[in-house]
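Heads up, target04.txt below (compact mmCIF, C-alpha atoms and all ligand atoms):
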# COMPACT_ATOMS: atom_id res chain seq x y z
CA MET A 1 0.00 0.00 0.00
CA LYS A 2 1.18 3.46 -0.82
CA ARG A 3 0.72 5.01 2.59
CA SER A 4 -1.14 4.43 5.80
CA HIS A 5 -4.44 6.16 6.32
CA PHE A 6 -3.40 6.66 9.95
CA GLN A 7 -0.70 9.34 9.87
CA PHE A 8 0.70 12.18 11.93
CA SER A 9 -0.30 15.63 10.87
CA ARG A 10 0.35 18.83 12.82
CA GLY A 11 1.74 16.80 15.71
CA GLU A 12 -1.18 14.42 16.11
CA LEU A 13 -2.14 11.00 14.80
CA HIS A 14 -5.15 11.16 12.47
CA ALA A 15 -7.50 8.70 10.83
CA GLU A 16 -7.65 10.24 7.35
CA LYS A 17 -8.43 13.88 8.18
CA VAL A 18 -9.88 13.33 11.65
CA ARG A 19 -7.83 13.73 14.84
CA LEU A 20 -7.99 10.56 16.92
CA SER A 21 -7.90 12.75 20.04
CA THR A 22 -11.15 14.42 18.94
CA LEU A 23 -12.85 11.04 18.59
CA ALA A 24 -11.51 9.88 21.96
CA LYS A 25 -12.76 13.04 23.64
CA ARG A 26 -16.21 12.73 22.08
CA LEU A 27 -16.71 8.99 22.36
CA GLY A 28 -14.41 7.80 25.14
CA THR A 29 -11.85 5.00 25.10
CA PRO A 30 -11.10 2.23 24.29
CA LEU A 31 -12.38 3.00 20.80
CA TYR A 32 -12.06 1.21 17.47
CA VAL A 33 -11.52 3.63 14.59
CA TYR A 34 -11.69 2.50 10.94
CA SER A 35 -10.78 4.28 7.72
CA GLU A 36 -13.15 3.93 4.78
CA ALA A 37 -10.39 4.96 2.35
CA ALA A 38 -8.18 2.16 3.66
CA PHE A 39 -10.89 -0.44 2.97
CA LYS A 40 -11.58 1.12 -0.41
CA GLU A 41 -7.98 1.18 -1.56
CA ARG A 42 -7.55 -2.52 -0.85
CA PHE A 43 -10.93 -3.65 -2.16
CA TYR A 44 -10.40 -1.81 -5.45
CA ALA A 45 -6.87 -3.21 -5.72
CA PHE A 46 -8.50 -6.67 -5.78
CA LYS A 47 -11.06 -5.55 -8.35
CA LYS A 48 -8.33 -4.21 -10.58
CA GLY A 49 -6.13 -7.27 -10.17
CA LEU A 50 -8.98 -9.63 -11.03
CA ARG A 51 -10.10 -7.71 -14.11
CA PRO A 52 -8.62 -10.26 -16.57
CA LEU A 53 -11.00 -12.89 -15.17
CA ARG A 54 -14.40 -13.27 -16.76
CA HIS A 55 -16.32 -13.68 -13.55
CA ALA A 56 -14.81 -13.02 -10.13
CA THR A 57 -16.39 -12.29 -6.75
CA ILE A 58 -14.65 -11.01 -3.66
CA CYS A 59 -16.47 -12.70 -0.77
CA TYR A 60 -15.37 -10.70 2.27
CA ALA A 61 -14.66 -12.97 5.25
CA LEU A 62 -17.06 -11.53 7.79
CA LYS A 63 -15.32 -13.04 10.78
CA SER A 64 -12.41 -10.61 10.41
CA ASN A 65 -14.69 -7.62 11.12
CA SER A 66 -18.41 -8.16 10.90
CA ASN A 67 -19.75 -4.70 11.77
CA LEU A 68 -22.92 -4.17 9.72
CA SER A 69 -21.78 -0.82 8.33
CA ILE A 70 -18.52 -2.34 7.12
CA VAL A 71 -20.26 -5.32 5.51
CA LYS A 72 -22.85 -3.06 3.88
CA MET A 73 -20.18 -0.68 2.59
CA LEU A 74 -18.22 -3.55 1.02
CA GLY A 75 -21.43 -5.02 -0.39
CA GLU A 76 -22.20 -1.72 -2.11
CA TRP A 77 -18.79 -1.88 -3.77
CA GLY A 78 -19.65 -5.36 -5.08
CA ALA A 79 -18.38 -7.67 -2.35
CA GLY A 80 -20.02 -10.92 -1.37
CA ALA A 81 -19.71 -12.65 1.99
CA ASP A 82 -17.82 -15.65 3.30
CA LEU A 83 -19.65 -16.92 6.38
CA VAL A 84 -18.76 -19.32 9.14
CA SER A 85 -21.97 -19.22 11.21
CA GLY A 86 -25.70 -18.58 11.14
CA GLY A 87 -25.05 -15.34 13.00
CA GLU A 88 -22.86 -14.12 10.16
CA LEU A 89 -25.57 -15.19 7.71
CA GLU A 90 -27.99 -12.86 9.51
CA ARG A 91 -25.43 -10.06 9.30
CA ALA A 92 -25.03 -10.63 5.55
CA ARG A 93 -28.83 -10.53 5.22
CA LEU A 94 -29.12 -7.26 7.16
CA ALA A 95 -26.30 -5.74 5.10
CA GLY A 96 -28.12 -6.74 1.91
CA ILE A 97 -25.50 -9.08 0.41
CA PRO A 98 -27.10 -10.81 -2.62
CA ALA A 99 -27.53 -14.60 -2.34
CA ASP A 100 -25.38 -15.38 -5.35
CA ARG A 101 -22.41 -13.78 -3.61
CA VAL A 102 -22.71 -15.67 -0.31
CA VAL A 103 -20.68 -18.76 0.60
CA PHE A 104 -20.78 -20.67 3.86
CA SER A 105 -17.64 -22.37 5.23
CA GLY A 106 -16.95 -23.96 8.61
CA VAL A 107 -16.60 -27.47 10.04
CA GLY A 108 -19.65 -27.40 12.28
CA LYS A 109 -22.68 -26.06 10.46
CA ASN A 110 -25.84 -27.19 12.23
CA ARG A 111 -29.29 -27.99 10.88
CA ASP A 112 -30.73 -24.52 11.51
CA GLU A 113 -27.76 -22.79 9.91
CA ILE A 114 -28.01 -25.00 6.83
CA ALA A 115 -31.76 -24.35 6.55
CA ALA A 116 -31.18 -20.59 6.84
CA GLY A 117 -28.65 -20.80 4.02
CA ILE A 118 -31.05 -22.73 1.79
CA LEU A 119 -33.84 -20.21 2.44
CA TYR A 120 -31.61 -17.10 2.14
CA GLN A 121 -33.41 -14.45 0.05
CA ASN A 122 -35.67 -17.24 -1.29
CA ARG A 123 -32.91 -18.32 -3.67
CA GLY A 124 -30.42 -19.90 -1.33
CA ILE A 125 -26.75 -19.03 -1.03
CA ALA A 126 -24.19 -19.63 -3.80
CA SER A 127 -22.52 -22.48 -1.95
CA PHE A 128 -22.13 -24.50 1.20
CA HIS A 129 -18.46 -25.38 1.41
CA VAL A 130 -18.61 -28.95 2.69
CA GLU A 131 -15.96 -29.88 5.24
CA SER A 132 -16.91 -33.48 6.13
CA LEU A 133 -18.94 -36.44 4.85
CA PRO A 134 -21.50 -36.33 7.68
CA GLU A 135 -22.03 -32.63 6.89
CA LEU A 136 -22.66 -33.54 3.23
CA LEU A 137 -25.35 -36.00 4.31
CA LEU A 138 -26.93 -33.45 6.63
CA ILE A 139 -27.11 -30.75 3.92
CA ASP A 140 -28.73 -33.30 1.61
CA ARG A 141 -31.30 -34.26 4.26
CA VAL A 142 -32.16 -30.66 5.16
CA ALA A 143 -32.45 -29.66 1.48
CA ARG A 144 -34.78 -32.55 0.70
CA ALA A 145 -36.94 -31.79 3.73
CA LEU A 146 -37.25 -28.10 2.73
CA ASN A 147 -38.01 -29.05 -0.87
CA ARG A 148 -36.66 -25.80 -2.35
CA GLY A 149 -34.54 -27.35 -5.06
CA LYS A 150 -31.02 -28.65 -4.77
CA ALA A 151 -28.61 -26.96 -2.37
CA ARG A 152 -25.48 -25.83 -4.20
CA ILE A 153 -22.33 -27.19 -2.64
CA ALA A 154 -18.58 -27.11 -3.06
CA LEU A 155 -16.13 -29.52 -1.49
CA ARG A 156 -13.49 -27.82 0.62
CA TYR A 157 -10.25 -29.47 -0.37
CA ASN A 158 -7.48 -29.81 2.19
CA PRO A 159 -4.37 -29.98 -0.02
CA ASN A 160 -1.99 -30.82 2.84
CA ILE A 161 0.13 -27.73 2.29
CA ASP A 162 2.12 -26.03 5.02
CA ALA A 163 1.09 -22.38 4.94
CA LYS A 164 4.04 -21.53 7.20
CA THR A 165 1.99 -19.39 9.53
CA HIS A 166 1.07 -19.56 13.23
CA PRO A 167 -0.24 -23.09 14.03
CA TYR A 168 -3.53 -21.63 15.33
CA ILE A 169 -4.26 -20.07 11.93
CA SER A 170 -2.91 -22.82 9.70
CA THR A 171 -5.79 -24.77 8.16
CA GLY A 172 -4.51 -26.61 5.09
CA LEU A 173 -2.59 -29.46 6.69
CA LYS A 174 -3.78 -33.03 7.02
CA LYS A 175 -3.64 -32.71 10.81
CA ASN A 176 -6.04 -29.70 10.79
CA LYS A 177 -9.76 -30.16 11.28
CA PHE A 178 -10.60 -28.32 8.04
CA GLY A 179 -11.61 -29.61 4.64
CA LEU A 180 -11.61 -32.99 2.92
CA ASN A 181 -8.54 -34.94 1.85
CA SER A 182 -8.36 -36.67 -1.54
CA GLU A 183 -9.77 -39.96 -0.24
CA GLU A 184 -12.68 -38.19 1.43
CA ILE A 185 -13.37 -36.30 -1.78
CA SER A 186 -13.47 -39.58 -3.72
CA GLU A 187 -15.90 -40.95 -1.16
CA ALA A 188 -18.07 -37.82 -1.45
CA LEU A 189 -18.14 -38.22 -5.23
CA SER A 190 -19.31 -41.83 -4.91
CA LEU A 191 -22.11 -40.72 -2.63
CA LEU A 192 -23.26 -37.81 -4.79
CA PRO A 193 -25.45 -39.70 -7.31
CA SER A 194 -27.63 -40.92 -4.44
CA LEU A 195 -27.88 -37.47 -2.82
CA THR A 196 -30.76 -35.78 -4.62
CA GLY A 197 -30.82 -32.76 -2.32
CA VAL A 198 -27.46 -31.34 -3.36
CA SER A 199 -25.70 -30.26 -6.50
CA LEU A 200 -21.89 -30.10 -6.68
CA VAL A 201 -21.03 -26.80 -8.38
CA GLY A 202 -17.56 -25.91 -7.14
CA MET A 203 -14.42 -26.61 -5.17
CA SER A 204 -12.88 -24.51 -2.42
CA ILE A 205 -9.66 -24.19 -0.45
CA HIS A 206 -8.41 -22.02 2.40
CA ILE A 207 -5.01 -23.03 3.70
CA GLY A 208 -4.45 -20.53 6.48
CA SER A 209 -4.29 -16.92 7.52
CA GLN A 210 -1.62 -14.20 7.66
CA LEU A 211 0.34 -15.80 4.80
CA THR A 212 3.39 -13.75 3.92
CA SER A 213 4.56 -15.77 0.93
CA LEU A 214 2.83 -16.58 -2.35
CA ARG A 215 4.55 -19.93 -2.58
CA PRO A 216 2.10 -22.05 -0.55
CA LEU A 217 -0.82 -20.26 -2.21
CA ARG A 218 0.56 -20.95 -5.68
CA ALA A 219 0.99 -24.62 -4.76
CA ALA A 220 -2.54 -24.77 -3.37
CA PHE A 221 -4.02 -23.20 -6.54
CA GLN A 222 -2.17 -25.79 -8.66
CA HIS A 223 -3.34 -28.68 -6.48
CA LEU A 224 -6.87 -27.36 -6.65
CA GLY A 225 -6.74 -27.00 -10.44
CA ARG A 226 -5.66 -30.62 -10.80
CA GLU A 227 -8.35 -31.76 -8.38
CA VAL A 228 -11.02 -29.85 -10.35
CA LEU A 229 -10.02 -31.57 -13.61
CA ARG A 230 -10.03 -34.98 -11.90
CA ILE A 231 -13.48 -34.36 -10.44
CA GLU A 232 -14.99 -33.02 -13.64
CA LYS A 233 -13.81 -36.10 -15.47
CA ARG A 234 -15.28 -38.34 -12.83
CA ILE A 235 -18.70 -36.65 -12.59
CA LYS A 236 -18.78 -35.92 -16.35
CA LYS A 237 -19.84 -32.36 -15.72
CA ASN A 238 -18.04 -29.04 -15.54
CA LEU A 239 -17.99 -27.17 -12.26
CA ASP A 240 -19.14 -23.54 -12.06
CA PHE A 241 -16.54 -22.09 -9.73
CA VAL A 242 -13.40 -22.38 -7.67
CA ASP A 243 -13.13 -20.58 -4.35
CA LEU A 244 -9.51 -19.83 -3.46
CA GLY A 245 -10.13 -18.80 0.16
CA GLY A 246 -8.46 -15.91 1.96
CA GLY A 247 -5.30 -15.75 3.98
CA LEU A 248 -3.29 -12.96 2.44
CA GLY A 249 -1.12 -11.50 5.20
CA ILE A 250 -0.58 -7.89 6.25
CA GLN A 251 2.26 -5.93 7.77
CA TYR A 252 1.99 -5.77 11.54
CA ARG A 253 5.68 -5.11 12.16
CA ASP A 254 8.39 -5.97 9.64
CA GLU A 255 6.64 -8.64 7.56
CA ASN A 256 6.83 -8.27 3.83
CA PRO A 257 3.60 -9.81 2.54
CA PRO A 258 2.82 -10.08 -1.17
CA SER A 259 0.94 -7.16 -2.70
CA ILE A 260 -2.71 -7.60 -3.66
CA GLN A 261 -1.59 -7.01 -7.25
CA ASN A 262 0.89 -9.91 -7.17
CA TYR A 263 -1.58 -12.15 -5.38
CA CYS A 264 -4.22 -11.47 -8.04
CA ALA A 265 -1.67 -12.10 -10.79
CA GLU A 266 -1.15 -15.56 -9.28
CA VAL A 267 -4.91 -16.17 -9.30
CA VAL A 268 -5.16 -15.03 -12.92
CA ARG A 269 -2.21 -17.24 -13.86
CA ALA A 270 -3.91 -20.29 -12.34
CA PHE A 271 -7.49 -19.76 -13.57
CA GLY A 272 -7.49 -16.85 -16.04
CA PRO A 273 -7.67 -16.66 -19.83
CA ASP A 274 -4.17 -18.10 -20.35
CA SER A 275 -4.58 -20.95 -17.86
CA PRO A 276 -5.74 -24.46 -18.81
CA PHE A 277 -9.20 -23.33 -17.65
CA ARG A 278 -9.32 -20.41 -20.10
CA SER A 279 -11.39 -18.40 -17.62
CA ARG A 280 -14.34 -20.78 -17.84
CA LEU A 281 -14.66 -21.05 -14.05
CA ARG A 282 -16.03 -18.28 -11.88
CA VAL A 283 -13.40 -17.40 -9.30
CA LEU A 284 -14.33 -16.55 -5.72
CA LEU A 285 -11.92 -15.17 -3.13
CA GLU A 286 -12.44 -14.91 0.62
CA PRO A 287 -10.14 -12.13 1.86
CA GLY A 288 -10.63 -10.94 5.43
CA ARG A 289 -7.56 -9.59 7.20
CA ILE A 290 -6.03 -7.98 4.10
CA LEU A 291 -9.14 -5.78 3.74
CA SER A 292 -9.80 -4.95 7.38
CA GLY A 293 -6.53 -5.42 9.31
CA ASN A 294 -4.70 -2.21 8.52
CA SER A 295 -7.98 -0.33 8.10
CA GLY A 296 -8.47 0.03 11.84
CA VAL A 297 -6.77 1.01 15.09
CA LEU A 298 -7.72 0.65 18.73
CA VAL A 299 -7.43 3.95 20.59
CA SER A 300 -6.78 3.67 24.30
CA GLU A 301 -5.89 5.91 27.22
CA VAL A 302 -2.94 5.32 29.50
CA LEU A 303 -4.35 4.80 32.99
CA PHE A 304 -1.10 4.51 34.90
CA ARG A 305 2.62 4.16 34.50
CA LYS A 306 3.93 1.76 37.06
CA VAL A 307 7.58 2.67 37.48
CA ARG A 308 10.01 -0.12 38.26
CA ALA A 309 13.80 -0.18 38.35
CA LYS A 310 14.44 -2.19 35.19
CA LYS A 311 11.14 -2.11 33.37
CA ASP A 312 7.99 -0.02 33.61
CA PHE A 313 4.42 -1.14 33.06
CA LEU A 314 2.17 1.06 30.97
CA ILE A 315 -1.38 0.19 32.00
CA LEU A 316 -3.97 0.95 29.30
CA ASP A 317 -7.74 1.14 29.55
CA ALA A 318 -7.94 -1.40 26.69
CA GLY A 319 -7.55 -5.04 27.61
CA MET A 320 -7.29 -8.49 26.10
CA ASN A 321 -11.08 -8.66 26.04
CA ASP A 322 -11.05 -5.75 23.54
CA LEU A 323 -8.15 -7.02 21.43
CA MET A 324 -7.40 -10.67 21.99
CA ARG A 325 -4.76 -11.39 19.34
CA PRO A 326 -1.66 -10.77 21.47
CA ALA A 327 -2.98 -13.01 24.26
CA LEU A 328 -4.21 -15.68 21.85
CA TYR A 329 -1.36 -15.89 19.34
CA GLY A 330 1.37 -13.75 20.91
CA SER A 331 0.91 -11.43 17.97
CA TYR A 332 2.45 -8.00 17.55
CA HIS A 333 0.58 -4.71 17.36
CA ALA A 334 2.58 -1.52 17.05
CA LEU A 335 1.88 1.08 19.73
CA GLU A 336 1.71 4.66 18.48
CA PRO A 337 1.33 7.63 20.81
CA ILE A 338 -1.33 9.99 19.53
CA GLN A 339 0.75 13.07 20.37
CA GLU A 340 3.79 13.02 18.12
CA VAL A 341 6.05 14.47 20.86
CA HIS A 342 6.00 11.05 22.54
CA THR A 343 7.59 9.44 19.51
CA ARG A 344 10.78 11.32 20.35
CA GLY A 345 12.96 11.64 23.43
CA ARG A 346 14.27 9.16 25.95
CA THR A 347 12.71 5.69 26.07
CA LYS A 348 12.59 2.97 28.69
CA LYS A 349 11.91 -0.73 28.41
CA THR A 350 8.18 -1.09 29.03
CA ASP A 351 5.48 -3.76 29.11
CA ILE A 352 2.19 -2.51 27.68
CA VAL A 353 -0.63 -4.18 29.57
CA GLY A 354 -4.39 -4.02 30.07
CA PRO A 355 -6.51 -4.02 33.22
CA VAL A 356 -7.75 -7.61 32.92
CA CYS A 357 -6.78 -10.02 35.69
CA GLU A 358 -4.61 -12.29 33.56
CA SER A 359 -0.87 -12.08 33.07
CA GLY A 360 -1.59 -12.83 29.42
CA ASP A 361 -3.33 -9.45 29.21
CA CYS A 362 -0.28 -7.91 27.62
CA PHE A 363 -0.08 -6.02 24.32
CA GLY A 364 3.69 -6.02 24.17
CA SER A 365 6.75 -6.82 26.29
CA ASP A 366 10.05 -4.99 26.51
CA ARG A 367 9.01 -2.25 24.12
CA PRO A 368 11.02 0.96 24.04
CA VAL A 369 8.40 3.52 25.10
CA ALA A 370 9.02 7.24 25.62
CA ILE A 371 9.28 8.00 29.35
CA SER A 372 7.20 11.12 28.68
CA LEU A 373 4.16 8.95 27.90
CA ALA A 374 2.08 8.98 31.07
CA ALA A 375 -1.39 8.74 32.61
CA GLY A 376 -4.00 10.56 30.54
CA ASP A 377 -2.09 10.27 27.26
CA LEU A 378 -3.70 8.52 24.31
CA VAL A 379 -2.18 5.70 22.28
CA ALA A 380 -3.25 3.70 19.24
CA LEU A 381 -2.72 -0.02 18.85
CA LYS A 382 -2.21 -0.33 15.12
CA SER A 383 -3.42 -2.98 12.63
CA ALA A 384 -6.41 -3.76 14.85
CA GLY A 385 -9.16 -3.74 12.19
CA ALA A 386 -9.17 -7.53 11.70
CA TYR A 387 -9.92 -10.06 14.44
CA GLY A 388 -10.10 -7.18 16.92
CA MET A 389 -13.67 -6.21 17.70
CA SER A 390 -14.95 -9.45 16.15
CA MET A 391 -13.00 -11.50 18.72
CA SER A 392 -13.78 -9.22 21.66
CA SER A 393 -15.54 -10.47 24.77
CA ASN A 394 -17.02 -9.26 28.03
CA TYR A 395 -14.45 -11.05 30.19
CA ASN A 396 -14.05 -9.35 33.58
CA SER A 397 -17.52 -7.87 32.90
CA ARG A 398 -16.02 -5.21 30.71
CA ALA A 399 -18.27 -3.43 28.24
CA ARG A 400 -16.91 -3.57 24.72
CA PRO A 401 -15.66 -0.48 22.84
CA ALA A 402 -17.58 1.72 20.42
CA GLU A 403 -16.64 1.63 16.72
CA VAL A 404 -16.28 4.64 14.42
CA LEU A 405 -15.91 4.82 10.66
CA VAL A 406 -13.98 7.79 9.30
CA SER A 407 -14.28 9.02 5.73
CA GLY A 408 -12.19 12.06 4.86
CA SER A 409 -13.01 14.69 7.45
CA ARG A 410 -16.32 13.04 8.35
CA TRP A 411 -16.95 10.27 10.86
CA ARG A 412 -19.86 8.31 12.25
CA VAL A 413 -20.41 5.87 15.09
CA ILE A 414 -21.10 2.44 13.60
CA ARG A 415 -21.53 0.70 16.92
CA ASP A 416 -22.37 2.21 20.30
CA ARG A 417 -20.21 1.57 23.30
CA GLU A 418 -21.72 -1.27 25.31
CA GLN A 419 -23.57 -0.38 28.49
CA PHE A 420 -23.71 -2.43 31.66
CA LYS A 421 -27.33 -3.32 30.87
CA ASP A 422 -26.13 -4.97 27.63
CA LEU A 423 -23.83 -7.18 29.68
CA VAL A 424 -26.57 -8.59 31.90
CA ARG A 425 -29.30 -8.82 29.27
CA GLY A 426 -30.84 -12.27 29.44
CA GLU A 427 -29.47 -13.04 32.89
CA HIS A 428 -31.77 -13.92 35.79
CA LEU A 429 -31.50 -13.00 39.44
C1 LIG A 501 -11.00 -17.04 8.24
C2 LIG A 501 -11.30 -17.48 6.88
C3 LIG A 501 -11.05 -16.62 5.80
C4 LIG A 501 -10.39 -15.28 5.94
O1 LIG A 501 -9.05 -15.39 6.26
P1 LIG A 501 -8.11 -14.08 6.25
O2 LIG A 501 -6.80 -14.60 6.67
O3 LIG A 501 -8.69 -13.12 7.21
O4 LIG A 501 -8.11 -13.55 4.86
C5 LIG A 501 -11.41 -17.06 4.54
N1 LIG A 501 -11.99 -18.26 4.35
C6 LIG A 501 -12.24 -19.10 5.37
C7 LIG A 501 -12.88 -20.41 5.10
C8 LIG A 501 -11.90 -18.74 6.66
O5 LIG A 501 -12.14 -19.58 7.67

Translate the structure of the given file into structure tokens.
Ligand SMILES: *Cc1c(COP(=O)(O)O)cnc(C)c1O
Amino acid sequence: MKRSHFQFSRGELHAEKVRLSTLAKRLGTPLYVYSEAAFKERFYAFKKGLRPLRHATICYALKSNSNLSIVKMLGEWGAGADLVSGGELERARLAGIPADRVVFSGVGKNRDEIAAGILYQNRGIASFHVESLPELLLIDRVARALNRGKARIALRYNPNIDAKTHPYISTGLKKNKFGLNSEEISEALSLLPSLTGVSLVGMSIHIGSQLTSLRPLRAAFQHLGREVLRIEKRIKKNLDFVDLGGGLGIQYRDENPPSIQNYCAEVVRAFGPDSPFRSRLRVLLEPGRILSGNSGVLVSEVLFRKVRAKKDFLILDAGMNDLMRPALYGSYHALEPIQEVHTRGRTKKTDIVGPVCESGDCFGSDRPVAISLAAGDLVALKSAGAYGMSMSSNYNSRARPAEVLVSGSRWRVIRDREQFKDLVRGEHL
């Protein structure tokens, strides 16, 4: 990307043209702030990169950031939705995502979720990505019971490729719970003629998240291409689409992930006009993090500096319940003071922690932080737009942050800060 949409200007960190300090003052902290221009730049980079394909759809992975305003905005630009639950299906519905752009992945879809997918907008979603044989049988049963025509399905292929990412977000290895291996696919194909409730229309893969090399992706696309040809021969019918999943990584620190342009070039090489498929297959992608990750920050206030001889603790009002990634994966988020003066001057080794009663509630250890940064100052945890708010919880009975979407010099609240009454809704005394 050319430049961040979160930059210093006149001594203060901004989201586009809006001072983060203004938003913090008006709306309180912790606060998630997103940049519409950041989403737009990345989404349109995909559109441009996929132009050589005859029919491509960018199915935004809702789980990375499922705020309704974000999903609706992407939908208006032409995005579809990649879902992993019935809850996300309801979000896609509210955001107005058309049925032919919705795909449903996940290893544990239940009967109600499958029925909701079949009934979606009266037409049913574009595809259930089948992850096991018992799931295939269940989709068939539910579809026959509903009697609304055949449910469109794809088989999610697990190509046994090491995505070389964190084990918790690697999904394309034999030992992972995701997808079907070659033998299971063969078995599914033998079953298909007897399953009158489903129609096999595509194949999908998703080998992992935060991938910083094209190599495993290229290998996965090739494996998938071969598998498609094998299947088409066997069922004597052409498939409609391939879904290449998501997983493109972003820069949190010093990673050097492939550009969207180079990623799309790889997709075009594998399935475009000059590939063996000559662009006859519709291509679906499921990007999440690459669209939302660097499009958001978490703004927080320093509550205290706990001064120790060797190492200080900077205690923020944001905690692991608001941004879970560091506690869950040990992942890195850059800390940026909102007043530029604190980016200069003497630093001291500091642990940046939250208020939650867990030692794992730590956003960063041994960071060099300006000693001038103290109680009352504001900071931004960068790259927090993906798997931030969507993974947040109420642990320690903490109300979750508000969310704001900035566009140029305008901004609007896209989710209210939670109130205590939201936390106890549904509970009984
Ligand atoms: C999580 C997920 C995605 C999105 O992954 P990113 O790394 O955020 O791009 C796409 N497809 C499936 C099936 C997923 O589970």

Could the residues of chain A that have an atom at most 9 Å from ligand LIG 501 (chain A) be listed as JSON lines, each with its closest atom pair and the distance in Å to one decimal, counting all atoms listed in the file and ordered by chain and ascending residue number?
{"residue": "A:Cys59", "atom": "CA", "partner": "A:LIG501", "partner_atom": "C5", "distance": 8.5}
{"residue": "A:Tyr60", "atom": "CA", "partner": "A:LIG501", "partner_atom": "C4", "distance": 7.7}
{"residue": "A:Ala61", "atom": "CA", "partner": "A:LIG501", "partner_atom": "C4", "distance": 4.9}
{"residue": "A:Leu62", "atom": "CA", "partner": "A:LIG501", "partner_atom": "C4", "distance": 7.9}
{"residue": "A:Lys63", "atom": "CA", "partner": "A:LIG501", "partner_atom": "C1", "distance": 6.4}
{"residue": "A:Ser64", "atom": "CA", "partner": "A:LIG501", "partner_atom": "O3", "distance": 5.5}
{"residue": "A:Asp82", "atom": "CA", "partner": "A:LIG501", "partner_atom": "N1", "distance": 6.5}
{"residue": "A:Leu83", "atom": "CA", "partner": "A:LIG501", "partner_atom": "C7", "distance": 7.7}
{"residue": "A:Val84", "atom": "CA", "partner": "A:LIG501", "partner_atom": "O5", "distance": 6.8}
{"residue": "A:Phe104", "atom": "CA", "partner": "A:LIG501", "partner_atom": "C7", "distance": 8.0}
{"residue": "A:Ser105", "atom": "CA", "partner": "A:LIG501", "partner_atom": "C7", "distance": 5.1}
{"residue": "A:Gly106", "atom": "CA", "partner": "A:LIG501", "partner_atom": "C7", "distance": 6.4}
{"residue": "A:His129", "atom": "CA", "partner": "A:LIG501", "partner_atom": "C7", "distance": 8.3}
{"residue": "A:Arg156", "atom": "CA", "partner": "A:LIG501", "partner_atom": "C7", "distance": 8.7}
{"residue": "A:Ile169", "atom": "CA", "partner": "A:LIG501", "partner_atom": "O2", "distance": 8.0}
{"residue": "A:Thr171", "atom": "CA", "partner": "A:LIG501", "partner_atom": "O5", "distance": 8.2}
{"residue": "A:Phe178", "atom": "CA", "partner": "A:LIG501", "partner_atom": "C7", "distance": 8.7}
{"residue": "A:Ser204", "atom": "CA", "partner": "A:LIG501", "partner_atom": "C7", "distance": 8.6}
{"residue": "A:Ile205", "atom": "CA", "partner": "A:LIG501", "partner_atom": "C7", "distance": 7.4}
{"residue": "A:His206", "atom": "CA", "partner": "A:LIG501", "partner_atom": "C7", "distance": 5.5}
{"residue": "A:Ile207", "atom": "CA", "partner": "A:LIG501", "partner_atom": "C6", "distance": 8.4}
{"residue": "A:Gly208", "atom": "CA", "partner": "A:LIG501", "partner_atom": "O2", "distance": 6.4}
{"residue": "A:Ser209", "atom": "CA", "partner": "A:LIG501", "partner_atom": "O2", "distance": 3.5}
{"residue": "A:Gln210", "atom": "CA", "partner": "A:LIG501", "partner_atom": "O2", "distance": 5.3}
{"residue": "A:Leu211", "atom": "CA", "partner": "A:LIG501", "partner_atom": "O2", "distance": 7.5}
{"residue": "A:Leu244", "atom": "CA", "partner": "A:LIG501", "partner_atom": "N1", "distance": 8.3}
{"residue": "A:Gly245", "atom": "CA", "partner": "A:LIG501", "partner_atom": "N1", "distance": 4.6}
{"residue": "A:Gly246", "atom": "CA", "partner": "A:LIG501", "partner_atom": "O4", "distance": 3.8}
{"residue": "A:Gly247", "atom": "CA", "partner": "A:LIG501", "partner_atom": "O2", "distance": 3.3}
{"residue": "A:Leu248", "atom": "CA", "partner": "A:LIG501", "partner_atom": "O4", "distance": 5.4}
{"residue": "A:Gly249", "atom": "CA", "partner": "A:LIG501", "partner_atom": "O2", "distance": 6.6}
{"residue": "A:Leu285", "atom": "CA", "partner": "A:LIG501", "partner_atom": "C5", "distance": 7.9}
{"residue": "A:Glu286", "atom": "CA", "partner": "A:LIG501", "partner_atom": "C5", "distance": 4.6}
{"residue": "A:Pro287", "atom": "CA", "partner": "A:LIG501", "partner_atom": "O4", "distance": 3.9}
{"residue": "A:Gly288", "atom": "CA", "partner": "A:LIG501", "partner_atom": "O3", "distance": 3.4}
{"residue": "A:Arg289", "atom": "CA", "partner": "A:LIG501", "partner_atom": "O3", "distance": 3.7}
{"residue": "A:Ile290", "atom": "CA", "partner": "A:LIG501", "partner_atom": "O4", "distance": 6.0}
{"residue": "A:Leu291", "atom": "CA", "partner": "A:LIG501", "partner_atom": "O4", "distance": 7.9}
{"residue": "A:Ser292", "atom": "CA", "partner": "A:LIG501", "partner_atom": "O3", "distance": 8.2}
{"residue": "A:Gly293", "atom": "CA", "partner": "A:LIG501", "partner_atom": "O3", "distance": 8.3}
{"residue": "A:Ala386", "atom": "CA", "partner": "A:LIG501", "partner_atom": "O3", "distance": 7.2}
{"residue": "A:Tyr387", "atom": "CA", "partner": "A:LIG501", "partner_atom": "O3", "distance": 7.9}

Who sits within 7 Å of Arg152 in chain A, all atoms listed in the file, same chain under 2 positions skipped, as a list in words: Ala126, Ser127, Phe128, Lys150, Val198, Ser199, Leu200 and Val201 of chain A

Exercise: Ala38 in chain A partners within 7 Å, all atoms listed in the file, chain neighbours under 3 positions left out, as an MDAnalysis selection string: chainID A and resid 5 35 41:42 295

Take the residues just selected and output them with C-alpha atoms as an mmCIF file, in the coordinates of the input.
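Below is the file part_26.cif, written as the result:
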data_model
loop_
_atom_site.group_PDB
_atom_site.id
_atom_site.type_symbol
_atom_site.label_atom_id
_atom_site.label_comp_id
_atom_site.auth_asym_id
_atom_site.auth_seq_id
_atom_site.Cartn_x
_atom_site.Cartn_y
_atom_site.Cartn_z
ATOM 1 C CA HIS A 5 -4.440 6.160 6.320
ATOM 2 C CA SER A 35 -10.780 4.280 7.720
ATOM 3 C CA GLU A 41 -7.980 1.180 -1.560
ATOM 4 C CA ARG A 42 -7.550 -2.520 -0.850
ATOM 5 C CA SER A 295 -7.980 -0.330 8.100
#
